Structures are given as structure tokens and as C-alpha cells.
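Novice: Pasting run.cif below, which is mmCIF, C-alpha atoms.
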data_data
#
loop_
_atom_site.label_atom_id
_atom_site.label_comp_id
_atom_site.auth_asym_id
_atom_site.auth_seq_id
_atom_site.Cartn_x
_atom_site.Cartn_y
_atom_site.Cartn_z
CA MET G 94 93.43 94.94 128.59
CA GLN G 95 94.04 98.64 128.44
CA ALA G 96 91.62 101.49 128.86
CA LEU G 97 91.27 104.43 126.53
CA ASN G 98 89.96 107.61 127.93
CA THR G 99 87.50 109.64 125.90
CA GLU G 100 86.35 112.64 127.82
CA ALA G 101 83.56 111.07 129.76
CA LYS G 102 84.03 107.32 129.61
CA THR G 103 86.66 104.60 129.78
CA ILE G 104 86.73 102.20 126.84
CA ASN G 105 88.44 98.85 127.21
CA VAL G 106 90.54 97.43 124.40
CA ASP G 107 92.20 94.03 124.10
CA GLY G 108 95.92 93.35 123.76
CA GLU G 109 95.83 94.24 120.05
CA GLY G 110 93.81 97.41 120.50
CA TYR G 111 90.38 96.19 119.39
CA LEU G 112 87.32 97.22 121.36
CA VAL G 113 86.35 94.62 123.92
CA ASP G 114 82.72 95.78 123.81
CA PRO G 115 81.75 96.91 120.28
CA SER G 116 78.56 98.52 121.58
CA GLN G 117 80.68 101.19 123.24
CA TRP G 118 81.72 102.58 119.85
CA ASP G 119 80.84 106.04 118.70
CA ARG G 120 82.56 108.72 116.62
CA ASP G 121 84.48 110.05 119.62
CA VAL G 122 85.79 106.58 120.38
CA ALA G 123 86.78 106.21 116.74
CA ALA G 124 88.64 109.52 116.81
CA GLU G 125 90.42 108.45 120.00
CA LEU G 126 91.33 105.03 118.53
CA ALA G 127 92.66 106.81 115.46
CA ARG G 128 94.63 109.23 117.59
CA SER G 129 96.32 106.41 119.48
CA ALA G 130 97.28 104.93 116.09
CA GLY G 131 98.76 108.28 115.06
CA LEU G 132 96.03 108.99 112.55
CA GLU G 133 93.79 111.97 111.97
CA LEU G 134 90.46 111.13 110.39
CA SER G 135 89.50 112.90 107.19
CA ASP G 136 86.10 112.69 105.47
CA ARG G 137 87.46 109.90 103.32
CA HIS G 138 88.54 107.97 106.42
CA TRP G 139 85.01 108.32 107.74
CA GLU G 140 83.58 106.99 104.49
CA VAL G 141 85.67 103.86 104.88
CA ILE G 142 84.77 103.50 108.55
CA GLU G 143 81.09 103.89 107.77
CA PHE G 144 81.31 101.31 105.01
CA CYS G 145 83.05 98.85 107.37
CA ARG G 146 80.35 99.27 110.00
CA LYS G 147 77.54 98.95 107.47
CA ASP G 148 79.13 95.84 106.00
CA TRP G 149 79.61 94.36 109.44
CA GLU G 150 75.95 94.95 110.19
CA ALA G 151 75.00 93.25 106.95
CA THR G 152 77.37 90.27 107.11
CA GLY G 153 78.29 89.92 110.77
CA GLN G 154 81.99 90.17 109.96
CA ALA G 155 84.52 92.93 109.56
CA PRO G 156 85.11 93.27 105.80
CA GLY G 157 88.39 92.02 104.40
CA LEU G 158 90.46 94.39 102.30
CA ARG G 159 89.12 92.95 99.08
CA ARG G 160 85.55 93.75 100.12
CA ILE G 161 86.50 97.26 101.07
CA THR G 162 88.01 97.78 97.63
CA LYS G 163 85.42 95.94 95.53
CA VAL G 164 82.18 96.58 97.40
CA GLY G 165 83.21 99.73 99.22
CA GLY G 166 84.76 101.25 96.11
CA VAL G 167 88.02 102.34 97.71
CA PRO G 168 91.00 101.58 95.45
CA THR G 169 93.77 99.45 97.00
CA LYS G 170 96.41 102.18 96.63
CA GLU G 171 94.17 104.65 98.43
CA ILE G 172 93.32 102.38 101.35
CA TYR G 173 97.00 101.70 102.00
CA LYS G 174 97.58 105.47 102.10
CA LEU G 175 94.59 106.20 104.32
CA PHE G 176 95.35 103.49 106.87
CA PRO G 177 99.09 102.86 106.70
CA GLY G 178 100.67 99.60 107.92
CA GLY G 179 97.92 97.01 107.99
CA PRO G 180 94.93 98.83 106.49
CA GLY G 181 92.23 96.18 106.88
CA LYS G 182 93.10 95.66 110.52
CA LEU G 183 93.48 99.35 111.30
CA ALA G 184 90.21 100.32 109.64
CA ALA G 185 88.36 97.57 111.54
CA LYS G 186 89.99 98.65 114.79
CA ILE G 187 88.99 102.29 114.39
CA ALA G 188 85.51 101.25 113.28
CA GLY G 189 85.14 99.39 116.57
CA LEU G 190 84.92 95.96 114.93
CA HIS G 191 86.74 92.71 115.62
CA LYS G 192 89.91 91.81 113.74
CA PRO G 193 89.04 90.81 110.17
CA THR G 194 89.47 87.13 109.44
CA SER G 195 89.81 87.26 105.66
CA CYS G 196 93.10 86.48 103.93
CA VAL G 197 92.36 88.68 100.94
CA MET L 103 115.77 55.39 150.22
CA ALA L 104 115.12 59.00 149.16
CA ALA L 105 117.41 60.33 146.42
CA HIS L 106 118.95 63.71 146.72
CA ILE L 107 120.02 65.13 143.35
CA VAL L 108 122.98 67.45 143.49
CA PRO L 109 124.23 69.23 140.34
CA ILE L 110 127.98 69.11 140.12
CA THR L 111 128.25 72.51 138.43
CA ASP L 112 126.11 75.58 138.76
CA THR L 113 125.44 75.77 135.00
CA PRO L 114 121.73 75.25 134.39
CA ILE L 115 121.04 72.22 132.21
CA ASP L 116 118.39 73.88 130.10
CA GLU L 117 120.06 76.69 128.26
CA THR L 118 117.35 77.47 125.74
CA PRO L 119 118.12 80.91 124.39
CA GLU L 120 115.32 83.42 124.54
CA ILE L 121 113.43 83.77 121.30
CA ASP L 122 113.37 87.21 119.80
CA LEU L 123 109.69 88.00 119.30
CA ALA L 124 110.25 91.14 117.27
CA PRO L 125 107.64 91.53 114.51
CA ILE L 126 108.68 90.55 110.99
CA LYS L 127 109.40 93.64 108.95
CA LYS L 128 110.20 92.22 105.54
CA VAL L 129 109.44 89.05 103.69
CA SER L 130 110.89 87.75 100.42
CA ILE L 131 108.96 85.04 98.64
CA ILE L 132 110.46 82.90 95.90
CA CYS L 133 107.71 81.55 93.64
CA SER L 134 109.02 78.63 91.61
CA LYS L 135 105.81 76.84 90.65
CA GLY L 136 103.28 77.54 87.93
CA ALA L 137 100.39 75.17 88.59
CA LEU L 138 97.19 76.81 89.78
CA ASP L 139 97.36 75.30 93.25
CA MET L 140 100.96 76.37 93.76
CA ALA L 141 100.61 79.86 92.32
CA TYR L 142 98.32 81.00 95.12
CA PRO L 143 100.34 80.30 98.29
CA GLY L 144 103.06 82.83 97.42
CA LEU L 145 100.55 85.47 96.39
CA ILE L 146 98.32 85.01 99.43
CA LEU L 147 101.30 85.11 101.79
CA ALA L 148 102.58 88.28 100.15
CA ASN L 149 99.14 89.85 100.40
CA ALA L 150 98.78 88.86 104.05
CA ALA L 151 102.20 90.37 104.68
CA ARG L 152 101.17 93.65 103.08
CA MET L 153 97.93 93.65 105.02
CA SER L 154 100.03 93.33 108.18
CA GLY L 155 102.31 96.21 107.23
CA ILE L 156 105.18 93.88 106.29
CA GLU L 157 107.22 94.73 103.19
CA ALA L 158 106.98 92.01 100.55
CA THR L 159 109.21 91.13 97.62
CA LEU L 160 108.30 88.37 95.21
CA PHE L 161 110.79 86.61 92.97
CA PHE L 162 109.25 84.52 90.21
CA THR L 163 111.52 81.83 88.85
CA PHE L 164 111.24 78.73 86.67
CA TRP L 165 107.60 77.69 86.40
CA GLY L 166 106.73 80.59 88.66
CA LEU L 167 107.34 82.80 85.62
CA ASP L 168 104.04 81.51 84.23
CA VAL L 169 102.29 83.37 87.04
CA VAL L 170 103.57 86.69 85.67
CA THR L 171 103.68 85.92 81.95
CA ASN L 172 100.94 87.64 79.97
CA LYS L 173 100.15 84.63 77.82
CA LYS L 174 99.95 82.21 80.72
CA ILE L 175 98.64 84.09 83.74
CA ASP L 176 94.97 83.59 82.89
CA ASN L 177 95.37 79.91 82.03
CA LEU L 178 97.24 78.30 84.90
CA LYS L 179 96.24 74.67 85.25
CA LEU L 180 95.99 72.03 87.89
CA SER L 181 97.04 68.46 87.26
CA PRO L 182 95.79 65.58 89.39
CA VAL L 183 98.66 63.42 88.14
CA GLY L 184 101.64 63.14 90.45
CA ASN L 185 99.78 65.17 93.04
CA PRO L 186 99.35 62.74 95.93
CA SER L 187 97.39 65.29 97.95
CA MET L 188 94.59 65.12 95.45
CA GLY L 189 93.99 61.44 96.11
CA MET L 190 93.45 60.45 92.52
CA PRO L 191 95.11 57.35 91.06
CA THR L 192 97.46 58.21 88.17
CA VAL L 193 95.53 55.93 85.85
CA LEU L 194 92.40 58.04 86.29
CA GLY L 195 94.17 61.35 86.60
CA SER L 196 95.89 60.96 83.26
CA LEU L 197 92.67 60.47 81.31
CA PRO L 198 91.87 63.24 78.83
CA GLY L 199 89.92 66.03 80.42
CA MET L 200 90.93 65.30 84.02
CA SER L 201 93.32 68.24 84.24
CA TRP L 202 90.65 70.50 82.78
CA LEU L 203 88.13 69.20 85.30
CA ALA L 204 90.47 69.57 88.28
CA THR L 205 91.33 73.11 87.18
CA LYS L 206 87.67 74.01 86.75
CA MET L 207 86.76 72.64 90.19
CA MET L 208 89.56 74.52 91.86
CA LYS L 209 88.61 77.77 90.14
CA ARG L 210 85.03 77.34 91.31
CA THR L 211 86.15 76.87 94.90
CA ILE L 212 88.43 79.88 94.67
CA ASP L 213 85.61 82.06 93.33
CA LYS L 214 83.21 80.93 96.02
CA LEU L 215 85.63 82.07 98.69
CA ASP L 216 85.91 85.44 96.97
CA ILE L 217 89.61 84.90 96.26
CA PRO L 218 90.61 86.92 93.22
CA PRO L 219 91.89 85.36 89.99
CA VAL L 220 95.69 85.34 89.70
CA ARG L 221 95.89 88.39 87.45
CA GLU L 222 93.83 90.44 89.89
CA MET L 223 95.91 89.25 92.87
CA ILE L 224 99.04 90.41 91.09
CA GLU L 225 97.45 93.83 90.46
CA THR L 226 96.34 94.06 94.09
CA LEU L 227 99.81 93.13 95.31
CA ASP L 228 101.38 95.82 93.16
CA ASP L 229 98.86 98.42 94.38
CA ALA L 230 99.53 97.33 97.94
CA GLY L 231 103.22 98.09 97.52
CA ALA L 232 104.70 94.62 97.04
CA GLU L 233 107.62 94.41 94.60
CA LEU L 234 107.51 91.76 91.92
CA TYR L 235 110.57 90.53 90.04
CA ALA L 236 111.23 87.91 87.39
CA CYS L 237 114.32 85.73 87.45
CA ARG L 238 116.91 86.58 84.77
CA LEU L 239 118.18 83.04 84.36
CA ALA L 240 114.73 81.49 84.09
CA ALA L 241 113.61 84.20 81.67
CA ASP L 242 116.64 83.50 79.49
CA MET L 243 115.96 79.76 79.61
CA MET L 244 112.37 80.27 78.52
CA ASN L 245 113.25 83.04 76.10
CA LEU L 246 111.03 85.59 77.81
CA LYS L 247 111.57 89.32 77.51
CA ARG L 248 110.32 92.27 79.55
CA GLU L 249 107.31 92.73 77.29
CA ASP L 250 106.20 89.12 77.87
CA PHE L 251 105.57 89.84 81.53
CA VAL L 252 102.64 91.60 83.15
CA PRO L 253 103.26 95.31 83.81
CA GLN L 254 103.44 94.72 87.57
CA VAL L 255 106.83 92.99 87.22
CA LYS L 256 109.24 95.70 88.26
CA ASP L 257 112.36 94.24 86.68
CA ILE L 258 114.15 91.08 85.59
CA ILE L 259 116.90 90.43 88.12
CA THR L 260 119.51 87.83 89.01
CA ALA L 261 119.50 85.64 92.12
CA MET L 262 122.27 87.79 93.57
CA ASP L 263 120.15 90.90 93.06
CA PHE L 264 117.35 89.06 94.80
CA PHE L 265 119.54 88.48 97.84
CA ASP L 266 120.51 92.16 97.85
CA LYS L 267 116.86 93.10 97.87
CA SER L 268 116.17 90.61 100.65
CA LYS L 269 118.43 92.20 103.25
CA GLY L 270 116.77 91.86 106.61
CA ALA L 271 113.96 89.81 105.15
CA SER L 272 112.62 86.39 106.01
CA ILE L 273 112.91 84.29 102.86
CA ILE L 274 110.20 81.84 101.88
CA PHE L 275 110.58 79.35 99.06
CA ILE L 276 107.45 78.04 97.34
#
Produce C-alpha cells that represent the structure in this file.
Specialist:
Amino acid sequence: MQALNTEAKTINVDGEGYLVDPSQWDRDVAAELARSAGLELSDRHWEVIEFCRKDWEATGQAPGLRRITKVGGVPTKEIYKLFPGGPGKLAAKIAGLHKPTSCV
Amino acid sequence: MAAHIVPITDTPIDETPEIDLAPIKKVSIICSKGALDMAYPGLILANAARMSGIEATLFFTFWGLDVVTNKKIDNLKLSPVGNPSMGMPTVLGSLPGMSWLATKMMKRTIDKLDIPPVREMIETLDDAGAELYACRLAADMMNLKREDFVPQVKDIITAMDFFDKSKGASIIFI
């Protein structure tokens, strides 16, 4: 378990970088998580993150990539550009959710 | 009497080499089957690879060509005959309508789990950066030309080309 430091607080993440305590998430934490993944968040990134969080609140699970594209309206090509190398996982990580369990 | 074991050399008996746990960077999947149940494994594995940031190349050969042929891709079927995993006696499975029924039931299950139809999976794979190829030999055998395949097929290549494109990749045969 590592700790991220946002200015005021220490956030614990598991071995794969997911938040141990999802209730600690806020936009600063997201920005910090993105930074440690080498990513800078644009408005479009935030739209995806917000969709993921809303969907998680509605379904109890981090959305799989197919949900992000179909329900969230983000085309596949775009999501792979926004969150390179494992988009579903990276988006869920930055959104403070657990690793998605879907295979599609 | 207590036994005292003494090795006669100082070479350790267990010489298991350490396993290299480096992440997989590339995967090459040979898809040789065209039945509905066997079309999905290759596609799902390739998609999971892409979702994990792993490069994926798919090589469709023999009956696998059906999965990327325009006229067949929407009509892949499932047969309960000769499919021991489906637990249906051949005598029943070969009755008219059984293949249609098995196919319909599988499609329903696939839909319920929000798994896309084959054509959509192929489109998603292409958008996700996977490379799809058709086998030259199989295409010649079945008299299929470039225009018979879905647009996501990048090229028709030989098995040797496939190996060239699979440098550094883990190869999976389905």
C-alpha cells in the first residue's frame, strides 16, 4: 500500500494504484492520481470521470469500456486516446473507483 | 536411530529457474473456428488485451474467416452435434431446428450479459487498435477476395507474414 500526497492529506492506494478508501476521492485526488499516471486532465477527461462516478453510483460497479462508449457516449477511439494503455482501468482508477470487472 | 542426511555435492536439488514476471506486451491470436461459441473467445481475449494496454493481432484462418466475412459475420451458428460440452445426445441434437434453437439461446445469453454481437466486437477491436488479418491460403481455398471481408480486416497475409507480425508476441491458437 502506497500513499499519495495531495497538499493536505495522505491517500492510500493498493498495489495496483486504486484508492483503498473510495470516500477519500475528490477532484484534487483525481488530478494527483492522473499526474502519477502521467496524464493531464482536460475537460473531456473530466466528462468521462464524471460519467464513471455517476454510473458507479447508479449500478454499484465501475463501468466497463463498453458502457462508457455506449451509455457514456465516448467513442472507442477517443477513450483509448484520452486514457492510453488500459483505458477502462485507468479511468476507473482516476475516478476513485475499484477495478472494473467487465470483460467488454 | 536418527538419520542424518548429508548431500554429497553442494548443488541444490531444486533448481527451478526464476519465472520472468514481466508484463505481456503483445499478443497474437489465431482464430480458426467459425461457430458462434468459438468465435467469441479470440475476440474477447483480444479486447481484454487492448483494455490492458497489450498490443493485439488477430489472424483469421479456415473457419475463422467466417467471423470476418461480410456474408457470414451476422449469421454464425452453434451446433449441439459433436459438441460434448453441450451435453446433448447426437440423436436429439441432429433434429431439424436444434442448431437454430441452440444458436438463439446462446445469442440471448450473450445479449443479457451486454456482450456485443460479433460485428460490433470486430468494430470495437479495430477502434481499440487491434490489427485484424485474414489468412491468404484459407481465403484462396474458400475463394474469398478482399471485398468479401469486413472493412476492419487490414490485409490478407500468409502464415509467414503472420509470424513476422508476431515478433515478441505471445501466440494463442483458438
Novice: May I ask you to extract the residues of chain G within 6 Å of chain L, using all atoms listed in the file, and to give them as a list in words?
Specialist: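 Here they are: Thr169, Lys170, Gly178 and Gly179 of chain G.
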Novice: What's the separation between atom CA of Lys256 of chain L and atom CA of Tyr235 of chain L, in Å to one decimal place?
Specialist: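 If I compute the distance from atom CA of Lys256 of chain L to atom CA of Tyr235 of chain L, I get 5.6 Å.
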Novice: From the set G:Ala124, G:Ala96, G:Val197, G:Leu183, which residue has the shortest atom-to-atom contact distance to Gly157 of chain G, counting only C-alpha atoms?
Specialist: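 When distances to Gly157 of chain G are compared using only C-alpha atoms, the smallest one comes from G:Val197.
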Novice: Given only C-alpha atoms as the basis, pick out the residue of G:Cys145, G:Ile104, G:Met94, G:Leu134 nearest to Val122 of chain G.
Specialist: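 Of the candidates, the smallest distance to Val122 of chain G is held by G:Ile104.
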Novice: Check which residues satisfy the PyMOL selection byres ((chain G and resi 116-121) around 9) in the file shown, then give them as a list in words.
Specialist: Thr99, Glu100, Ile104, Leu112, Val113, Asp114, Pro115, Val122, Ala123, Ala124, Glu125, Leu126, Ala188, Gly189 and Leu190 of chain G
Novice: Would you compute the distance between atom CA of Leu132 of chain G and atom CA of Thr194 of chain G? Give it in Å to one decimal.
Specialist: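 Interatomic distance here is 23.0 Å.
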Novice: Quick check on the file I pasted: which residues fall under the PyMOL selection byres ((chain L and resi 128) around 7)? Write them as a PyMOL selection string.
Specialist: chain L and resi 126-127+129-130+156-158+270-272
Novice: For the residues selected in the previous step, produce a file with C-alpha atoms as a short mmCIF file (atom, residue, chain, number, x, y, z; two decimals), in the coordinates of the input.
Specialist:
data_model
loop_
_atom_site.label_atom_id
_atom_site.label_comp_id
_atom_site.auth_asym_id
_atom_site.auth_seq_id
_atom_site.Cartn_x
_atom_site.Cartn_y
_atom_site.Cartn_z
CA ILE L 126 108.68 90.55 110.99
CA LYS L 127 109.40 93.64 108.95
CA VAL L 129 109.44 89.05 103.69
CA SER L 130 110.89 87.75 100.42
CA ILE L 156 105.18 93.88 106.29
CA GLU L 157 107.22 94.73 103.19
CA ALA L 158 106.98 92.01 100.55
CA GLY L 270 116.77 91.86 106.61
CA ALA L 271 113.96 89.81 105.15
CA SER L 272 112.62 86.39 106.01
#
Novice: Just give me the gap between atom CA of Leu158 of chain G and atom CA of Asp136 of chain G in Å, one decimal is fine.
Specialist: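 Atom CA of Asp136 of chain G lies 19.1 Å from atom CA of Leu158 of chain G.
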Novice: Would you kindly return, as JSON, numbers by chain, each protein, DNA or RNA residue with an atom no farther than 8 Å from any atom of Ala236 of chain L, considering all atoms listed in the file and excluding same-chain residues fewer than 4 positions away?
Specialist: {"L": [161, 162, 163, 167, 170, 241, 255, 257, 258, 259]}
Novice: List the residues matched by the PyMOL selection byres ((chain G and resi 175) around 9) in the displayed structure as number ranges by chain, ordered by chain and then by residue number.
Specialist: G: 132, 134-135, 137-138, 170-174, 176-177, 180
Novice: Please determine the residues with any atom at most 10 Å from (84.2, 95.1, 103.2) (coordinates as given in the file, with all atoms listed in the file counting) and report them as a list in words.
Specialist: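 Those residues, ordered by chain and then number, are Val141, Ile142, Phe144, Cys145, Arg146, Lys147, Asp148, Trp149, Thr152, Gln154, Ala155, Pro156, Gly157, Leu158, Arg159, Arg160, Ile161, Thr162, Lys163, Val164, Gly165, Gly166, Val167, Gly181, Ala185, Pro193 and Ser195 of chain G.
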Novice: Which residue, L:Leu138, L:Ile276, L:Ala124, L:Cys133, has the smallest gap to Ala240 of chain L when you use all atoms listed in the file?
Specialist: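 Result for the nearest residue to Ala240 of chain L: L:Cys133.
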Novice: With all atoms listed in the file as the atoms that count, which of L:Ala148, L:Thr211, L:Thr260, L:Gly189 lies nearest to Asp242 of chain L?
Specialist: L:Thr260
Novice: Between L:Ile274, L:Ala261, L:Ile175, L:Ala104, which is the closest to Ala137 of chain L once you count all atoms listed in the file?
Specialist: L:Ile175
Novice: Need the neighbours of (96.6, 73.5, 95.7): which residues are at most 12 Å away, counting all atoms listed in the file, as a PyMOL selection string?
Specialist: chain L and resi 135-144+178-182+185-188+204-205+207-209+211-212+276
